[in-house]
Amino acid sequence: MIQGNTMKSRLALIVLVIASVRAGAQEINADLEKATKDAVKKVAPSVVQIVTQGGTDMVVTTPKGPVFRKALGPTTGVIVSADGYIVSSAFNFINQPTTILVSAQGHAEPFLAKRIATDKSRMLTLIKIEAKGLPVPPAAPKKGIHEGQWAIALGRTLDTRRLGVPSVSVGIISATNRIWGKAIQTDAKVSPINYGGPLVDIQGNVQGILIPASPRGDGETAGFEWYDSGIGFAIPMEDVYAVLPRLKEGKDLQRGLLGVRMKSQDIYSVAPEIGEVMKDSAADKAGLKKGDIITEIDGRPVVRMAQIQHILGPKYDGDKVSLKYKRGDKVEAINNLTLVAALVSQAHPFLGILPMRDDPKLGVEIRHVFPKTPADKAGLAPGDRIVKYGIDKTMAAFLGQKRGAQQLLDWLNTQLPGKEIKLEVARKGGKTETLTVVLDQLPGSVAGDEPKLPDKLPEAASVRKALAPLEVAKNLKPAKAEAAPKAETGIVKRATADGEHKFQVYVHEEYDPNIAHAMVVWLHPPGKNKDDDLEEVAAIWEDYCAAYKIILVMPISQNDAGWLPGESDIVIEAIQDTMKRYTIDPRRVVTHGLSVGGQMALHLGFGARELVRGVAAVGAVPTNIKDNQPAQRLAFFLVAGELDPLAKSIADSRVKLAEKKYSAIYRQMPNRGREYLEDAQLRELVRWIDMLDKQ
Amino acid sequence: MDMHKRIARSAGALLWVLTIGTIALAQQPFTPVAVDVNKRLVKLFGAGGFKGLPSYGTGILVSEKGDILTCNNHILSTSDLRVHLYDGRFYQARVIAREPELDLALVRIDSDVDFLPHYDLAKAAAQPLAEPGDWILAFSNQFKIATRDEPMSVQRGVIAAYAELRGRRGIFEAPFSGEVYFVDAIANNPGAAGGAIVNRRGELLGIIGRELKNTLSDTWINYAVPVQAKVEIQRDEKLTTIDVVTFVKEAIAGSYKQSEKRAKIDRGAYHGIILVPNAVAVTPPYVEEVIPDSPAAKAGLRPDDLIVYVDGELASSIKIFREIMKQYGPGTDVKLDVQRATRLVSVKLRLAEQPKVKAVP
């Protein structure tokens with residue numbers, strides 16, 4: 001009996017225990033749920049919705065590869081000062097919107113915002129509205145952020161009508177000190193739904209600002225492909241507040257670089273030995289040399305490049321570091337080394353001549369001398385032949401292994417503007433003279449300088465001996481004459497080697513393989529990929545092709561919405577295939593397109609530097625301008641319709657290209673929208689193409 | 001043995017059991033809920049298997065007799081629709097009613113079944129809406145991982161937002177036009193449509209929707225149609241409001257009449273704004289000219305104003321502006337927010353009848 005009672009009471013006790021335990025677990029969950037929602041509500045008034053209007057198509061990387069995308073949806077921002085400064089992800093502004101509007105909780109009307117500056121290292125953009133007394137959220141101290149803590153990602157894009165509770169995704173901090181020390185990582189869902197929004201801890205303190213990021217890429221869209229994957233990033237709020245005063249000054253911030261290339265690409269297991277010091281870089285100014293091994297930065301010993309990247313990753317242009325390095329057996333120290341942004345681009349030198357084309361003889365015959373250029377000032381004239389070139393007394397002769405104009409250009413590309421060079425010239429009259437010339441820079445590569453193209457160039461551009469064997473220097477063996485492949489004319493339909501992608505080539509009826517032709521690669525706008533559309537383009541270009549010796553290559557995008565950057569390979573194959581079949585002047589290969597096609601033309605210009613020498617883009621903005629390269633010239637001819645809302649951005653981008661020392665010109669079509677060239681611009685474009693081999 | 005020691009020892013053991021028990025249960029806070037919810041869900045197998053469309057889906061039992069609420073999608077377009085219950089029993093089923101505007105359908109098991117665990121929809125719909133941040137569990141047979149008596153895949157997340165599914169007019173088409181729950185779990189996978197979103201306690205919140213891409217942000221959307229959802233439909237040429245509970249009730253009773261396809265009504269009225277030429281794909285709606293004495297002129301609209309919002313809806317291009325304006329008839333008051341130089345100005349327009357074109361004498 002006693003036993004039975006004990007059993008019963010025990011059973012009752014166990015039932016009671018389980019019930020209360022279960023209730024307990026539920027209570028924990030209920031408390032957590034409530035805490036999460038309270039944290040969200042605490043920060044919500046500081047989370048604003050941003051909408052933009054106008055702007056360009058932009059490149060974003062998606063799981064299927066990069067695409068051009070229009071930014072239409074709303075985005076998110078976080079108030080960082082009571083008087084109206086708001087921080088958001090730079091991702092939200094890459095399309096250079098013409099209008100930015102901000103809606104904040106408790107304000108019935110939206111505010112107009114100005115873009116103040118972009119932090120190009122942390123990919124944040126600061127905007128400003130005219131308001132007072134806005135709620136600034138508290139930052140969670142960086143030191144207190146640890147793996148495993150709750151992390152709540154907030155956005156304001158889903159509910160476009162109300163400004164109640166922001167959208168919520170709950171996760172934890174996955175790691176700190178990511179993206180070379182710049183970001184914290186979370187498994188909360190991070191995507192365009194909340195880029196620019198805050199990552200919040202369970203007490204309602206802001207841990208960071210959500211951005212797309214990738215340790216393997218730079219730029220506004222790097223890391224987008226990881227959206228909603230459980231790998232998301234945020235810039236610590238403490239760092240955001242720290243950089244705020246500098247951003248408020250209105251100048252974009254750049255990453256600070258040392259300016260060295262390491263001897264090895266391996267950043268994880270090899271000692272950080274300098275392979276090359278970039279000219280005029282921070283390292284150069286501090287006296288670092290090839291072969292030096294970096295041993296310490298800011299008092300922290302380093303043995304691998306990856307450690308250096310971790311220390312330098314968070315630094316800006318102008319930040320100072322101290323450094324120790326080993327040269328031979330000695331360890332040297334540098335204090336207060338000032339880091340600099342991307343290295344200053346050097347302009348291409350300019351002599352001021354057009355060489356005669358398809359000339360098999362040694363040297364360079366001058367076809368045209370541009371007025372007021374160094375060549376003009378030195379007295380060079382059409383018909384003269386440059387036979388030697390050099391600096392001081394060391395003069396180089398032409399060898400005939402490559403065409404004279406190419407040999408001279410390759411040498412000029414190693415010189416800088418302002419340099420004094422000497423040219424030995426066989427005058428048209430028969431005399432040989434040595435002239436001293438001070439090199440200028442390519443026209444269009446100065447921000448304020450908008451070159452006017454000559455109305456007319458000498459018609460005789462070629463000696464029509466492109467297939468003849470080159471004359472060689474005395475002790476060299478001459479090459480054999482090239483046989484011209486059979487050349488089809490008219491509209492020629494071709495396909496890539498795998499047969500998958502079609503393209504068309506328009507070759508004018510008077511095609512002569514002994515004349516090197518310029519190549520214009522037409523990248524059609526969205527939907528204009530039918531035979532009729534391409535025929536229309538060929539008809540517009542027909543007369544110019546014959547008069548100026550141009551071959552038109554027209555690749556076809558498979559995508560109705562327009563070109564995908566992933567289709568670059570198709571275009572490149574079309575260019576290479578055409579180069580094999582026709583005599584093409586490699587110095588005058590131009591990508592050309594309208595709207596998304598123009599965007600593609602720009603993308604190819606920067607991406608296929610070994611092939612493309614010019615980009616003629618209409619109604620498209622160069623958004624991701626890469627550094628200029630001395631050996632690979634690339635020139636830009638930008639056109640916008642006056643009514644195109646992008647016109648200003650396109651005009652501004654010409655200046656940005658010139659700042660990077662590209663030769664660029666901008667033309668505006670009065671009373672036009674985003675549409676194709678009028679006669680005036682087309683005629684100018686054709687002359688520009690005819691001048692691309694200037695040097 | 002000393003009595004006190006015995007008591008102490010057993011008390012210790014009990015405490016130990018208690019502690020372990022707490023930990024064990026905290027380890028599995030959702031297990032009882034998951035077991036319970038699973039019994040109320042079914043796996044559906046039907047049409048599909050081509051063009052990347054799955055031939056399987058998920059459903060929610062809404063009566064003890066085998067009535068199933070699911071998504072009104074392609075898998076129902078078959079005479080060979082099969083249902084697998086949680087315990088492995090399987091049956092033929094047929095579609096009883098569909099409502100495209102709710103994007104829901106009612107399916108019934110074709111055999112005589114009884115006492116099936118199910119959700120009382122009326123009870124679920126009587127609950128208040130869930131809020132952003134509320135914990136949720138998503139149950140579905142995504143990717144056909146489960147067959148017969150295998151349980152559904154359960155995912156944990158939170159309600160991300162309660163908002164209109166259609167992000168912006170004319171940008172992307174959604175199968176459902178009302179407000180939905182967005183969830184932060186990646187729930188909308190192949191075969192998940194018709195699955196259940198429940199709260200921490202296992203109460204039904206919504207029915208998982210289709211796989212859908214938001215072209216505004218280039219991201220996939222994870223959403224569920226709330227059990228409280230209502231939509232305006234057209235029936236017998238009249239507009240009427242239907243909710244999920246009524247749909248299910250009438251469908252079970254065999255009296256549900258599906259909505260008619262709504263003729264697109266373009267009202268439109270006279271505003272007197274002439275916009276700049278629509279030169280590019282996304283030309284912002286800049287005012288070029290305001291016709292004198294027109295509603296726009298009376299409201300004080302000026303050339304070079306940039307129209308930003310129409311009644312709170314972003315008019316990001318001329319095309320979208322025109323589409324928004326189509327829904328307003330003469331006599332309607334419309335609020336426009338315009339950017340004038342560096343200011344944002346609000347004007348109210350009373351739309352008018354299109355002026356009669358004067359006959360040329």
# chains A, B, ... in the order shown; residues from 1 in each chain; ligands from 1
>>> residues_around(residues="Ala283 (chain A)", least_positions_apart="4", cutoff="9 Å", atoms="only C-alpha atoms", output="PyMOL selection string")
chain A and resi 257-260+277-279+287-289+337-339
>>> write_last_selection(atoms="C-alpha atoms", output="PDB file, in the first residue's frame")
ATOM      1  CA  LEU A 257      46.972  51.206 -49.994  1.00  0.00           C
ATOM      2  CA  LEU A 258      50.629  50.512 -49.443  1.00  0.00           C
ATOM      3  CA  GLY A 259      51.261  50.265 -53.175  1.00  0.00           C
ATOM      4  CA  VAL A 260      53.302  47.110 -53.431  1.00  0.00           C
ATOM      5  CA  VAL A 277      56.901  48.829 -55.596  1.00  0.00           C
ATOM      6  CA  MET A 278      54.377  50.919 -57.536  1.00  0.00           C
ATOM      7  CA  LYS A 279      55.653  54.258 -58.705  1.00  0.00           C
ATOM      8  CA  GLY A 287      61.707  54.061 -49.670  1.00  0.00           C
ATOM      9  CA  LEU A 288      60.567  50.437 -49.672  1.00  0.00           C
ATOM     10  CA  LYS A 289      62.258  48.338 -52.317  1.00  0.00           C
ATOM     11  CA  LEU A 337      53.778  56.106 -43.490  1.00  0.00           C
ATOM     12  CA  THR A 338      50.750  57.730 -45.140  1.00  0.00           C
ATOM     13  CA  LEU A 339      48.621  55.304 -47.139  1.00  0.00           C
TER      14      LEU A 339
END
>>> residues_around(residues="region 294-310 of chain A", least_positions_apart="3", cutoff="8 Å", atoms="only C-alpha atoms", output="VMD selection string")
chain A and resid 180 to 181 262 266 to 274 313 to 314 321 to 326
>>> atom_distance(atom1="CA of Thr496 (chain A)", atom2="CA of Ala547 (chain A)")
28.8 Å
>>> closest_residue(among="A:Val505, A:Leu646, A:Ala381, A:Ile179", to="chain B", atoms="only C-alpha atoms")
A:Leu646
>>> select_by_dssp(residues="region 81-197 of chain B", states="strand (DSSP E)", output="compact mmCIF listing (two decimals) with N, CA and C atoms, in the first residue's frame")
# COMPACT_ATOMS: atom_id res chain seq x y z
N LEU B 81 -5.04 12.73 -59.03
CA LEU B 81 -4.46 13.47 -57.91
C LEU B 81 -4.42 12.53 -56.70
N ARG B 82 -3.27 12.41 -56.07
CA ARG B 82 -3.14 11.50 -54.94
C ARG B 82 -2.72 12.23 -53.67
N VAL B 83 -3.17 11.71 -52.55
CA VAL B 83 -2.90 12.32 -51.25
C VAL B 83 -2.24 11.30 -50.33
N HIS B 84 -1.14 11.68 -49.71
CA HIS B 84 -0.53 10.81 -48.68
C HIS B 84 -0.75 11.44 -47.33
N PHE B 90 -2.83 6.34 -48.20
CA PHE B 90 -2.90 7.21 -49.38
C PHE B 90 -4.19 6.98 -50.15
N TYR B 91 -4.63 8.06 -50.77
CA TYR B 91 -5.96 8.07 -51.42
C TYR B 91 -5.90 8.86 -52.72
N GLN B 92 -6.92 8.56 -53.57
CA GLN B 92 -7.18 9.45 -54.70
C GLN B 92 -7.91 10.67 -54.15
N ALA B 93 -7.78 11.78 -54.85
CA ALA B 93 -8.49 12.98 -54.41
C ALA B 93 -8.97 13.74 -55.64
N ARG B 94 -9.91 14.64 -55.41
CA ARG B 94 -10.35 15.47 -56.54
C ARG B 94 -10.54 16.91 -56.08
N VAL B 95 -10.48 17.82 -57.06
CA VAL B 95 -10.60 19.24 -56.76
C VAL B 95 -12.08 19.58 -56.62
N ILE B 96 -12.45 20.19 -55.49
CA ILE B 96 -13.84 20.57 -55.25
C ILE B 96 -14.09 21.99 -55.71
N ALA B 97 -13.19 22.88 -55.38
CA ALA B 97 -13.37 24.29 -55.77
C ALA B 97 -12.02 24.97 -55.87
N ARG B 98 -11.98 26.00 -56.71
CA ARG B 98 -10.76 26.81 -56.85
C ARG B 98 -11.14 28.28 -56.73
N GLU B 99 -10.24 29.07 -56.20
CA GLU B 99 -10.45 30.51 -56.24
C GLU B 99 -9.13 31.18 -56.65
N LEU B 104 -6.07 29.80 -54.00
CA LEU B 104 -6.28 28.63 -53.15
C LEU B 104 -7.26 27.67 -53.84
N ALA B 105 -7.20 26.42 -53.44
CA ALA B 105 -8.14 25.43 -53.96
C ALA B 105 -8.50 24.48 -52.82
N LEU B 106 -9.70 23.87 -52.92
CA LEU B 106 -10.09 22.86 -51.96
C LEU B 106 -10.13 21.51 -52.67
N VAL B 107 -9.46 20.54 -52.06
CA VAL B 107 -9.33 19.21 -52.63
C VAL B 107 -9.96 18.25 -51.63
N ARG B 108 -10.64 17.18 -52.10
CA ARG B 108 -11.24 16.24 -51.15
C ARG B 108 -10.78 14.82 -51.43
N ILE B 109 -10.47 14.11 -50.36
CA ILE B 109 -10.12 12.70 -50.48
C ILE B 109 -11.34 11.94 -50.98
N TRP B 135 7.83 34.32 -33.92
CA TRP B 135 8.48 33.08 -34.36
C TRP B 135 7.50 32.24 -35.17
N ILE B 136 7.99 31.63 -36.21
CA ILE B 136 7.12 30.75 -36.99
C ILE B 136 7.85 29.44 -37.32
N LEU B 137 7.02 28.44 -37.64
CA LEU B 137 7.56 27.21 -38.20
C LEU B 137 6.89 27.03 -39.56
N ALA B 138 7.65 26.61 -40.55
CA ALA B 138 7.10 26.37 -41.88
C ALA B 138 7.16 24.87 -42.14
N PHE B 139 6.03 24.31 -42.54
CA PHE B 139 5.94 22.87 -42.81
C PHE B 139 5.58 22.67 -44.28
N SER B 140 6.37 21.88 -44.98
CA SER B 140 5.96 21.56 -46.35
C SER B 140 6.73 20.34 -46.82
N SER B 153 9.17 18.61 -44.02
CA SER B 153 10.35 19.36 -43.59
C SER B 153 9.87 20.56 -42.76
N VAL B 154 10.44 20.73 -41.58
CA VAL B 154 10.09 21.86 -40.73
C VAL B 154 11.23 22.86 -40.76
N GLN B 155 10.88 24.13 -40.95
CA GLN B 155 11.89 25.19 -40.89
C GLN B 155 11.46 26.21 -39.85
N ARG B 156 12.45 26.82 -39.23
CA ARG B 156 12.16 27.82 -38.22
C ARG B 156 12.52 29.20 -38.78
N GLY B 157 11.76 30.20 -38.39
CA GLY B 157 12.07 31.56 -38.81
C GLY B 157 11.21 32.54 -38.06
N VAL B 158 11.09 33.72 -38.62
CA VAL B 158 10.19 34.71 -38.02
C VAL B 158 9.34 35.32 -39.13
N ILE B 159 8.23 35.93 -38.73
CA ILE B 159 7.48 36.75 -39.67
C ILE B 159 8.37 37.96 -39.97
N ALA B 160 8.71 38.14 -41.25
CA ALA B 160 9.56 39.27 -41.62
C ALA B 160 8.71 40.52 -41.77
N ALA B 161 7.54 40.36 -42.38
CA ALA B 161 6.67 41.52 -42.60
C ALA B 161 5.28 41.04 -42.94
N TYR B 162 4.30 41.92 -42.74
CA TYR B 162 2.96 41.69 -43.23
C TYR B 162 2.71 42.84 -44.19
N ALA B 163 2.68 42.54 -45.47
CA ALA B 163 2.61 43.62 -46.46
C ALA B 163 2.03 43.10 -47.76
N GLU B 164 1.70 44.05 -48.63
CA GLU B 164 1.16 43.68 -49.94
C GLU B 164 2.19 42.88 -50.72
N GLU B 179 -2.57 41.31 -48.89
CA GLU B 179 -1.43 41.36 -47.98
C GLU B 179 -1.07 39.94 -47.54
N VAL B 180 0.20 39.71 -47.42
CA VAL B 180 0.68 38.36 -47.08
C VAL B 180 1.68 38.46 -45.94
N TYR B 181 2.01 37.31 -45.39
CA TYR B 181 3.13 37.24 -44.46
C TYR B 181 4.39 36.97 -45.27
N PHE B 182 5.39 37.82 -45.11
CA PHE B 182 6.72 37.48 -45.62
C PHE B 182 7.43 36.78 -44.46
N VAL B 183 8.16 35.73 -44.75
CA VAL B 183 8.88 35.05 -43.68
C VAL B 183 10.37 35.04 -43.98
N ALA B 196 2.07 24.77 -44.51
CA ALA B 196 1.54 25.58 -43.43
C ALA B 196 2.62 26.42 -42.76
N ILE B 197 2.26 27.65 -42.43
CA ILE B 197 3.07 28.49 -41.54
C ILE B 197 2.30 28.52 -40.22
>>> select_by_dssp(residues="region 110-155 of chain B", states="alpha helix (DSSP H)", output="MDAnalysis selection string")
chainID B and resid 121:125
>>> closest_residue(among="A:Asp644, A:Asp359, A:Glu27, A:Asp159", to="Ile193 (chain A)", atoms="only C-alpha atoms")
A:Asp159
>>> residues_around(residues="Pro285 (chain B)", least_positions_apart="4", cutoff="12 Å", atoms="only C-alpha atoms", output="PyMOL selection string")
(chain A and resi 53-54+99+645) or (chain B and resi 273-281+289+303-310+314-322+336-339)
